[in-house]
>>> print(open('protein.cif').read())   # mmCIF, C-alpha atoms
data_entry
#
loop_
_atom_site.label_atom_id
_atom_site.label_comp_id
_atom_site.auth_asym_id
_atom_site.auth_seq_id
_atom_site.Cartn_x
_atom_site.Cartn_y
_atom_site.Cartn_z
CA MET A 59 2.57 -19.61 -1.48
CA ILE A 60 0.20 -16.66 -1.85
CA PRO A 61 -3.01 -16.17 0.15
CA LYS A 62 -6.47 -17.19 -1.05
CA LEU A 63 -9.80 -15.49 -0.45
CA GLU A 64 -10.36 -17.62 2.65
CA ASP A 65 -7.07 -16.32 4.09
CA ILE A 66 -8.21 -12.74 3.50
CA ARG A 67 -11.52 -13.49 5.24
CA LEU A 68 -9.64 -15.03 8.18
CA ALA A 69 -7.39 -11.97 8.31
CA TYR A 70 -10.44 -9.72 8.45
CA ASP A 71 -11.90 -11.70 11.34
CA ARG A 72 -8.56 -11.40 13.13
CA ILE A 73 -8.04 -7.64 12.68
CA LYS A 74 -11.54 -6.17 12.45
CA TYR A 75 -11.57 -5.15 16.10
CA GLN A 76 -8.48 -2.96 15.83
CA ILE A 77 -8.75 -1.43 12.34
CA HIS A 78 -11.15 1.15 10.97
CA ARG A 79 -13.71 0.12 8.37
CA THR A 80 -12.87 3.09 6.21
CA PRO A 81 -15.46 5.17 4.36
CA ILE A 82 -16.19 5.10 0.64
CA LEU A 83 -16.55 8.56 -0.92
CA SER A 84 -17.24 9.93 -4.37
CA SER A 85 -17.15 13.27 -6.14
CA HIS A 86 -19.57 14.34 -8.86
CA SER A 87 -17.09 16.90 -10.18
CA ILE A 88 -14.24 14.37 -10.40
CA ASN A 89 -16.59 12.01 -12.25
CA CYS A 90 -17.41 14.77 -14.72
CA ILE A 91 -13.73 15.60 -15.24
CA SER A 92 -12.63 11.98 -15.61
CA GLY A 93 -15.60 10.58 -17.49
CA ALA A 94 -15.72 7.62 -15.11
CA ASN A 95 -17.93 6.79 -12.13
CA ILE A 96 -15.34 6.60 -9.35
CA VAL A 97 -15.69 5.51 -5.74
CA PHE A 98 -12.77 6.03 -3.38
CA LYS A 99 -12.03 3.59 -0.54
CA CYS A 100 -10.38 6.06 1.82
CA GLU A 101 -7.52 4.28 3.55
CA ASN A 102 -6.10 7.71 4.32
CA PHE A 103 -8.61 7.52 7.21
CA GLN A 104 -7.18 4.20 8.43
CA LYS A 105 -5.15 4.06 11.64
CA VAL A 106 -1.61 5.38 10.98
CA GLY A 107 -3.14 7.10 7.94
CA ALA A 108 -2.64 4.22 5.50
CA PHE A 109 -3.79 0.75 4.45
CA LYS A 110 -0.54 -0.66 5.81
CA PHE A 111 -2.09 -1.05 9.27
CA ARG A 112 -4.24 -3.87 7.95
CA GLY A 113 -1.32 -6.06 6.89
CA ALA A 114 0.81 -5.13 9.88
CA SER A 115 -1.99 -5.97 12.29
CA ASN A 116 -2.60 -9.34 10.67
CA ALA A 117 1.10 -10.18 10.63
CA VAL A 118 1.66 -9.21 14.29
CA LEU A 119 -1.53 -10.89 15.54
CA SER A 120 -0.68 -14.08 13.61
CA LEU A 121 2.56 -14.57 15.55
CA ASN A 122 2.53 -16.83 18.60
CA ASP A 123 4.02 -15.83 21.93
CA SER A 124 7.40 -17.44 21.27
CA GLU A 125 7.68 -15.68 17.90
CA ILE A 126 7.11 -12.25 19.42
CA GLY A 127 9.11 -12.72 22.62
CA ASN A 128 11.96 -10.60 21.25
CA GLY A 129 9.79 -8.15 19.38
CA VAL A 130 9.41 -7.55 15.67
CA ALA A 131 11.55 -5.78 13.09
CA THR A 132 11.04 -4.35 9.63
CA HIS A 133 12.38 -1.88 7.10
CA SER A 134 10.16 0.79 5.59
CA SER A 135 10.19 4.34 4.24
CA GLY A 136 7.24 5.24 6.41
CA ASN A 137 3.73 3.80 6.27
CA HIS A 138 4.61 0.16 7.00
CA ALA A 139 7.00 1.42 9.66
CA GLN A 140 4.18 3.28 11.39
CA ALA A 141 1.85 0.33 11.00
CA ILE A 142 4.24 -2.20 12.54
CA ALA A 143 5.12 0.25 15.32
CA LEU A 144 1.46 0.70 16.28
CA ALA A 145 0.52 -2.98 15.88
CA ALA A 146 3.47 -3.95 18.07
CA LYS A 147 2.57 -1.35 20.68
CA MET A 148 -1.02 -2.61 20.77
CA ARG A 149 0.28 -6.13 21.44
CA GLY A 150 2.74 -4.87 24.04
CA ILE A 151 5.98 -5.77 22.25
CA VAL A 152 8.95 -3.80 20.99
CA ALA A 153 9.35 -2.87 17.32
CA TYR A 154 12.69 -2.19 15.61
CA ILE A 155 12.27 -0.09 12.48
CA ILE A 156 14.92 0.44 9.79
CA MET A 157 14.09 3.71 7.99
CA PRO A 158 15.89 5.50 5.14
CA ASP A 159 17.31 8.74 6.45
CA ASN A 160 15.44 10.69 3.75
CA SER A 161 12.00 9.44 4.78
CA PRO A 162 9.43 12.25 5.16
CA GLN A 163 9.72 13.87 8.56
CA VAL A 164 6.03 13.38 9.24
CA LYS A 165 6.54 9.62 8.93
CA LYS A 166 9.68 9.62 11.10
CA ASP A 167 7.79 11.53 13.79
CA ALA A 168 4.84 9.15 13.65
CA VAL A 169 7.01 6.04 14.05
CA ALA A 170 8.75 7.61 17.03
CA GLY A 171 5.36 8.53 18.46
CA TYR A 172 4.41 4.85 18.59
CA ASP A 173 7.50 4.16 20.76
CA ALA A 174 9.36 2.12 18.15
CA GLN A 175 13.15 1.97 18.13
CA ILE A 176 14.29 3.59 14.85
CA ILE A 177 17.56 2.80 13.09
CA PHE A 178 18.28 5.06 10.13
CA CYS A 179 20.10 3.90 6.99
CA GLU A 180 21.00 5.12 3.51
CA PRO A 181 18.05 5.29 1.09
CA ASN A 182 18.55 2.06 -0.86
CA LEU A 183 17.37 -1.53 -0.47
CA LYS A 184 20.83 -2.96 0.17
CA ALA A 185 21.41 -0.57 3.07
CA ARG A 186 17.99 -1.41 4.49
CA GLU A 187 18.68 -5.15 4.37
CA ILE A 188 22.15 -4.84 5.92
CA ALA A 189 20.82 -2.74 8.80
CA LEU A 190 17.87 -5.10 9.28
CA ASN A 191 20.07 -8.20 9.40
CA LYS A 192 22.27 -6.57 12.03
CA ILE A 193 19.34 -5.71 14.29
CA VAL A 194 17.74 -9.15 13.88
CA GLN A 195 21.03 -10.87 14.75
CA LYS A 196 21.44 -8.60 17.76
CA THR A 197 17.89 -8.84 19.13
CA ASN A 198 16.41 -12.06 17.66
CA ALA A 199 13.35 -10.03 16.70
CA THR A 200 10.96 -11.53 14.14
CA PHE A 201 11.23 -9.88 10.73
CA ILE A 202 7.95 -8.82 9.10
CA HIS A 203 8.57 -7.94 5.47
CA PRO A 204 6.74 -4.80 4.28
CA TYR A 205 4.97 -6.62 1.46
CA ASN A 206 6.52 -10.00 0.56
CA ASN A 207 4.81 -11.72 3.48
CA PHE A 208 1.79 -14.05 3.36
CA ASN A 209 -0.01 -12.49 6.32
CA VAL A 210 0.75 -8.93 5.23
CA ILE A 211 -0.73 -9.59 1.78
CA ALA A 212 -3.81 -11.23 3.30
CA GLY A 213 -4.32 -8.26 5.59
CA GLN A 214 -4.00 -5.75 2.77
CA GLY A 215 -6.68 -7.65 0.85
CA THR A 216 -9.25 -6.76 3.52
CA ALA A 217 -9.61 -3.24 2.10
CA ALA A 218 -10.88 -4.70 -1.18
CA LEU A 219 -13.08 -7.13 0.76
CA GLU A 220 -14.82 -4.21 2.47
CA LEU A 221 -15.11 -2.24 -0.76
CA MET A 222 -16.67 -5.10 -2.68
CA GLU A 223 -19.05 -5.92 0.14
CA ASP A 224 -20.30 -2.33 0.09
CA ILE A 225 -20.24 -1.83 -3.69
CA PRO A 226 -20.24 -5.20 -5.48
CA ASP A 227 -20.97 -3.92 -9.01
CA ILE A 228 -17.72 -2.13 -9.83
CA ASP A 229 -16.15 -2.79 -13.24
CA ILE A 230 -12.55 -1.94 -12.36
CA ILE A 231 -10.65 -1.91 -9.07
CA MET A 232 -7.39 0.07 -8.84
CA THR A 233 -4.49 0.43 -6.44
CA PRO A 234 -1.00 1.91 -6.63
CA VAL A 235 1.90 -0.52 -6.90
CA GLY A 236 5.29 -0.32 -5.26
CA GLY A 237 6.21 -3.54 -3.50
CA GLY A 238 2.82 -4.94 -4.47
CA GLY A 239 1.29 -5.95 -1.14
CA LEU A 240 -1.88 -3.91 -1.59
CA LEU A 241 -2.18 -4.77 -5.27
CA SER A 242 -1.70 -8.48 -4.59
CA GLY A 243 -4.22 -8.68 -1.77
CA THR A 244 -6.69 -6.59 -3.77
CA ALA A 245 -6.30 -8.67 -6.93
CA ILE A 246 -6.65 -12.00 -5.13
CA CYS A 247 -9.78 -10.80 -3.34
CA ALA A 248 -11.39 -9.08 -6.31
CA LYS A 249 -10.86 -11.87 -8.84
CA SER A 250 -12.03 -14.48 -6.32
CA LEU A 251 -15.27 -12.58 -5.79
CA ASN A 252 -15.89 -11.51 -9.40
CA ASP A 253 -14.25 -13.14 -12.41
CA ASN A 254 -15.29 -10.25 -14.64
CA ILE A 255 -13.76 -7.40 -12.66
CA GLN A 256 -10.63 -5.77 -14.03
CA VAL A 257 -7.70 -5.21 -11.67
CA ILE A 258 -5.47 -2.34 -12.77
CA ALA A 259 -2.54 -0.70 -10.98
CA GLY A 260 -1.02 2.74 -11.33
CA GLU A 261 2.74 3.14 -11.09
CA PRO A 262 5.06 6.16 -11.46
CA SER A 263 6.85 6.18 -14.79
CA GLY A 264 10.00 7.14 -12.89
CA ALA A 265 9.80 3.94 -10.84
CA ASP A 266 8.24 1.48 -13.29
CA ASP A 267 9.89 -1.78 -12.26
CA ALA A 268 6.51 -3.47 -11.56
CA TYR A 269 5.32 -2.49 -15.04
CA GLN A 270 8.51 -3.90 -16.57
CA SER A 271 8.21 -7.08 -14.49
CA PHE A 272 4.57 -7.49 -15.51
CA LYS A 273 5.22 -6.96 -19.22
CA THR A 274 8.36 -9.11 -19.48
CA GLY A 275 7.38 -11.85 -17.04
CA ILE A 276 10.79 -11.44 -15.39
CA LEU A 277 11.12 -9.83 -11.96
CA GLN A 278 12.88 -6.48 -12.33
CA GLU A 279 14.61 -4.55 -9.55
CA SER A 280 13.90 -0.91 -8.82
CA THR A 281 17.06 1.02 -9.69
CA ALA A 282 17.48 4.77 -9.21
CA PRO A 283 13.75 5.52 -8.95
CA ASN A 284 12.82 9.16 -9.54
CA THR A 285 9.30 10.09 -8.47
CA ILE A 286 7.38 12.18 -5.97
CA CYS A 287 5.67 8.95 -4.83
CA ASP A 288 7.98 8.09 -1.92
CA GLY A 289 5.86 5.07 -0.97
CA LEU A 290 6.29 3.38 -4.37
CA LEU A 291 10.07 3.10 -4.65
CA THR A 292 10.50 -0.60 -3.88
CA SER A 293 10.51 -3.64 -6.16
CA LEU A 294 7.98 -6.45 -6.26
CA GLY A 295 8.84 -9.49 -4.15
CA SER A 296 8.55 -13.16 -5.09
CA LEU A 297 5.04 -13.52 -3.61
CA THR A 298 3.67 -10.25 -4.96
CA PHE A 299 5.17 -10.92 -8.39
CA GLU A 300 3.35 -14.26 -8.46
CA ALA A 301 0.04 -12.66 -7.46
CA VAL A 302 0.41 -9.84 -9.98
CA ASN A 303 1.08 -12.29 -12.80
CA LEU A 304 -1.90 -14.44 -11.85
CA PHE A 305 -4.55 -11.85 -11.09
CA VAL A 306 -3.70 -8.36 -12.40
CA ASP A 307 -5.01 -7.26 -15.79
CA ASP A 308 -2.72 -4.30 -16.42
CA ILE A 309 -0.37 -1.69 -14.95
CA TYR A 310 -0.43 1.88 -16.25
CA THR A 311 2.57 4.14 -15.76
CA VAL A 312 1.99 7.79 -14.92
CA ASP A 313 4.26 10.84 -14.99
CA ASP A 314 4.36 12.79 -11.74
CA TYR A 315 2.52 15.60 -13.54
CA TYR A 316 -0.65 13.50 -13.62
CA THR A 317 -0.16 12.27 -10.05
CA ILE A 318 0.20 15.83 -8.75
CA SER A 319 -2.80 16.93 -10.80
CA ALA A 320 -4.85 14.10 -9.28
CA MET A 321 -3.65 14.94 -5.78
CA LYS A 322 -4.63 18.56 -6.21
CA LEU A 323 -7.99 17.57 -7.67
CA ILE A 324 -8.81 15.38 -4.67
CA TRP A 325 -7.82 18.17 -2.29
CA GLU A 326 -9.89 20.75 -4.14
CA ARG A 327 -13.00 18.71 -4.89
CA MET A 328 -13.16 16.27 -1.95
CA LYS A 329 -11.41 18.26 0.78
CA ILE A 330 -9.37 15.29 1.99
CA ILE A 331 -5.63 14.82 2.48
CA VAL A 332 -3.95 12.20 0.31
CA GLU A 333 -0.29 11.51 -0.33
CA PRO A 334 1.19 11.38 -3.84
CA SER A 335 1.56 7.59 -3.78
CA ALA A 336 -2.21 7.30 -3.32
CA CYS A 337 -2.95 9.50 -6.34
CA VAL A 338 -1.16 7.62 -9.09
CA THR A 339 -4.41 5.67 -9.71
CA LEU A 340 -6.55 8.72 -10.39
CA GLY A 341 -3.57 10.07 -12.32
CA ALA A 342 -3.80 7.01 -14.58
CA ILE A 343 -7.48 7.68 -15.19
CA LEU A 344 -6.75 11.30 -16.09
CA LYS A 345 -3.99 10.20 -18.47
CA TYR A 346 -5.90 7.33 -20.10
CA LYS A 347 -9.46 8.66 -19.96
CA GLU A 348 -10.67 6.63 -22.93
CA LYS A 349 -9.91 3.37 -21.11
CA PHE A 350 -12.14 4.26 -18.16
CA GLU A 351 -14.94 6.27 -19.76
CA GLY A 352 -18.35 5.18 -18.51
CA LYS A 353 -16.86 2.55 -16.19
CA LYS A 354 -17.57 2.17 -12.47
CA VAL A 355 -14.14 2.28 -10.87
CA GLY A 356 -13.20 1.53 -7.28
CA ILE A 357 -9.96 3.18 -6.20
CA ILE A 358 -8.23 2.28 -2.95
CA LEU A 359 -6.71 5.56 -1.76
CA SER A 360 -3.71 4.05 -0.05
CA GLY A 361 -2.78 6.76 2.44
CA GLY A 362 -2.61 10.36 3.54
CA ASN A 363 0.76 10.79 5.22
CA LEU A 364 2.76 13.68 3.81
CA ASP A 365 4.68 16.72 4.92
CA LEU A 366 2.23 19.62 4.58
CA SER A 367 5.14 22.06 4.35
CA LYS A 368 6.29 20.39 1.10
CA LEU A 369 3.18 20.22 -1.04
CA PRO A 370 3.97 19.71 -4.75
CA PHE A 371 1.44 22.29 -5.91
#
>>> encode(input="protein.cif", output="structure tokens")
Amino acid sequence: MIPKLEDIRLAYDRIKYQIHRTPILSSHSINCISGANIVFKCENFQKVGAFKFRGASNAVLSLNDSEIGNGVATHSSGNHAQAIALAAKMRGIVAYIIMPDNSPQVKKDAVAGYDAQIIFCEPNLKAREIALNKIVQKTNATFIHPYNNFNVIAGQGTAALELMEDIPDIDIIMTPVGGGGLLSGTAICAKSLNDNIQVIAGEPSGADDAYQSFKTGILQESTAPNTICDGLLTSLGSLTFEAVNLFVDDIYTVDDYYTISAMKLIWERMKIIVEPSACVTLGAILKYKEKFEGKKVGIILSGGNLDLSKLPF
């Protein structure tokens, strides 16, 4: 079962006291370059530097005392890991985090900074799941999936809820897609509030399993992804696949060239830090300008966590 708009509203009431209501920014020069009228919902200014804190907060706060008595556990390449670590710390419980050993150092450091217990694994989904199962069996911690979780999806939808409250007349709303938690929550919220809005995702062409799943109607696994977007390497889950099929209008794939160009453009013209995974949406607009020309587009900038010593430009 996937969340409804009322679940997203309930999530917002639950988490609004411990999240940031992030700003919405725009850039005249980016509008001129893209041909679209773009507003950016800046989740790079969210706690832990990413939208993931919304879903993590809702998931942790939704658990009763018996469910959190042994802590919580998850697997993540970085942003969800940080989010669960902080949400758990704020509730006074332990968090066990399975992280690929090639996760960006900035994200490893942040998770450790929130006092989580980190267990490193090889960088593939099977290794993550094996390590997670071992720690759950050992500790009896409650597993919170990074995206294929009802309360996580509902929490992620609160970013779109804020955006559409502040700017209700947008034509298109866009998010990146990896596991699909943000896209699902956004699509459910947006379509429930406005039947006429288009929901479009950007995805790296080197990790296009969501695109393939969407076009074929059959859930595809991410195999050997090759992209600079380290936050978009995972496959859709059963819940997010359902939401994408029901509410998303299209997914555009983007070469890393366009993503890096978009990332650089945001740095140069808006003076804000964004990670590559957040820029695949603007990259899609730059690649497919004719599809967005003259449209009012709301982009959820998903995060700003990256290693500043390894900029791609």
>>> residues_around(input="protein.cif", residues="Gly352 in chain A", least_positions_apart="3", cutoff="10 Å", atoms="only C-alpha atoms", output="number ranges by chain")
A: 89, 92-96, 229, 347-349, 355
>>> resolve_selection(input="protein.cif", expression="the PyMOL selection byres ((chain A and resi 320) around 12)", output="MDAnalysis selection string")
chainID A and resid 88 91:92 312:319 321:328 331:345 359 370:371
>>> write_last_selection(input="protein.cif", atoms="C-alpha atoms", output="CSV table (one decimal), in the frame of the given file")
chain,number,residue,atom,x,y,z
A,88,ILE,CA,-14.2,14.4,-10.4
A,91,ILE,CA,-13.7,15.6,-15.2
A,92,SER,CA,-12.6,12.0,-15.6
A,312,VAL,CA,2.0,7.8,-14.9
A,313,ASP,CA,4.3,10.8,-15.0
A,314,ASP,CA,4.4,12.8,-11.7
A,315,TYR,CA,2.5,15.6,-13.5
A,316,TYR,CA,-0.6,13.5,-13.6
A,317,THR,CA,-0.2,12.3,-10.0
A,318,ILE,CA,0.2,15.8,-8.8
A,319,SER,CA,-2.8,16.9,-10.8
A,321,MET,CA,-3.6,14.9,-5.8
A,322,LYS,CA,-4.6,18.6,-6.2
A,323,LEU,CA,-8.0,17.6,-7.7
A,324,ILE,CA,-8.8,15.4,-4.7
A,325,TRP,CA,-7.8,18.2,-2.3
A,326,GLU,CA,-9.9,20.8,-4.1
A,327,ARG,CA,-13.0,18.7,-4.9
A,328,MET,CA,-13.2,16.3,-2.0
A,331,ILE,CA,-5.6,14.8,2.5
A,332,VAL,CA,-4.0,12.2,0.3
A,333,GLU,CA,-0.3,11.5,-0.3
A,334,PRO,CA,1.2,11.4,-3.8
A,335,SER,CA,1.6,7.6,-3.8
A,336,ALA,CA,-2.2,7.3,-3.3
A,337,CYS,CA,-3.0,9.5,-6.3
A,338,VAL,CA,-1.2,7.6,-9.1
A,339,THR,CA,-4.4,5.7,-9.7
A,340,LEU,CA,-6.6,8.7,-10.4
A,341,GLY,CA,-3.6,10.1,-12.3
A,342,ALA,CA,-3.8,7.0,-14.6
A,343,ILE,CA,-7.5,7.7,-15.2
A,344,LEU,CA,-6.8,11.3,-16.1
A,345,LYS,CA,-4.0,10.2,-18.5
A,359,LEU,CA,-6.7,5.6,-1.8
A,370,PRO,CA,4.0,19.7,-4.8
A,371,PHE,CA,1.4,22.3,-5.9
>>> atom_distance(input="protein.cif", atom1="CA of Thr285 in chain A", atom2="CA of Cys100 in chain A")
22.6 Å
>>> resolve_selection(input="protein.cif", expression="the PyMOL selection byres ((chain A and resi 68-85) around 8)", output="PyMOL selection string")
chain A and resi 64-67+86-89+96-101+103-105+111-112+115-116+119+209+212-213+216+220-221+327-328
>>> closest_residue(input="protein.cif", among="A:Met157, A:Val194, A:Met222, A:Ala259", to="Cys179 in chain A", atoms="all atoms listed in the file")
A:Met157
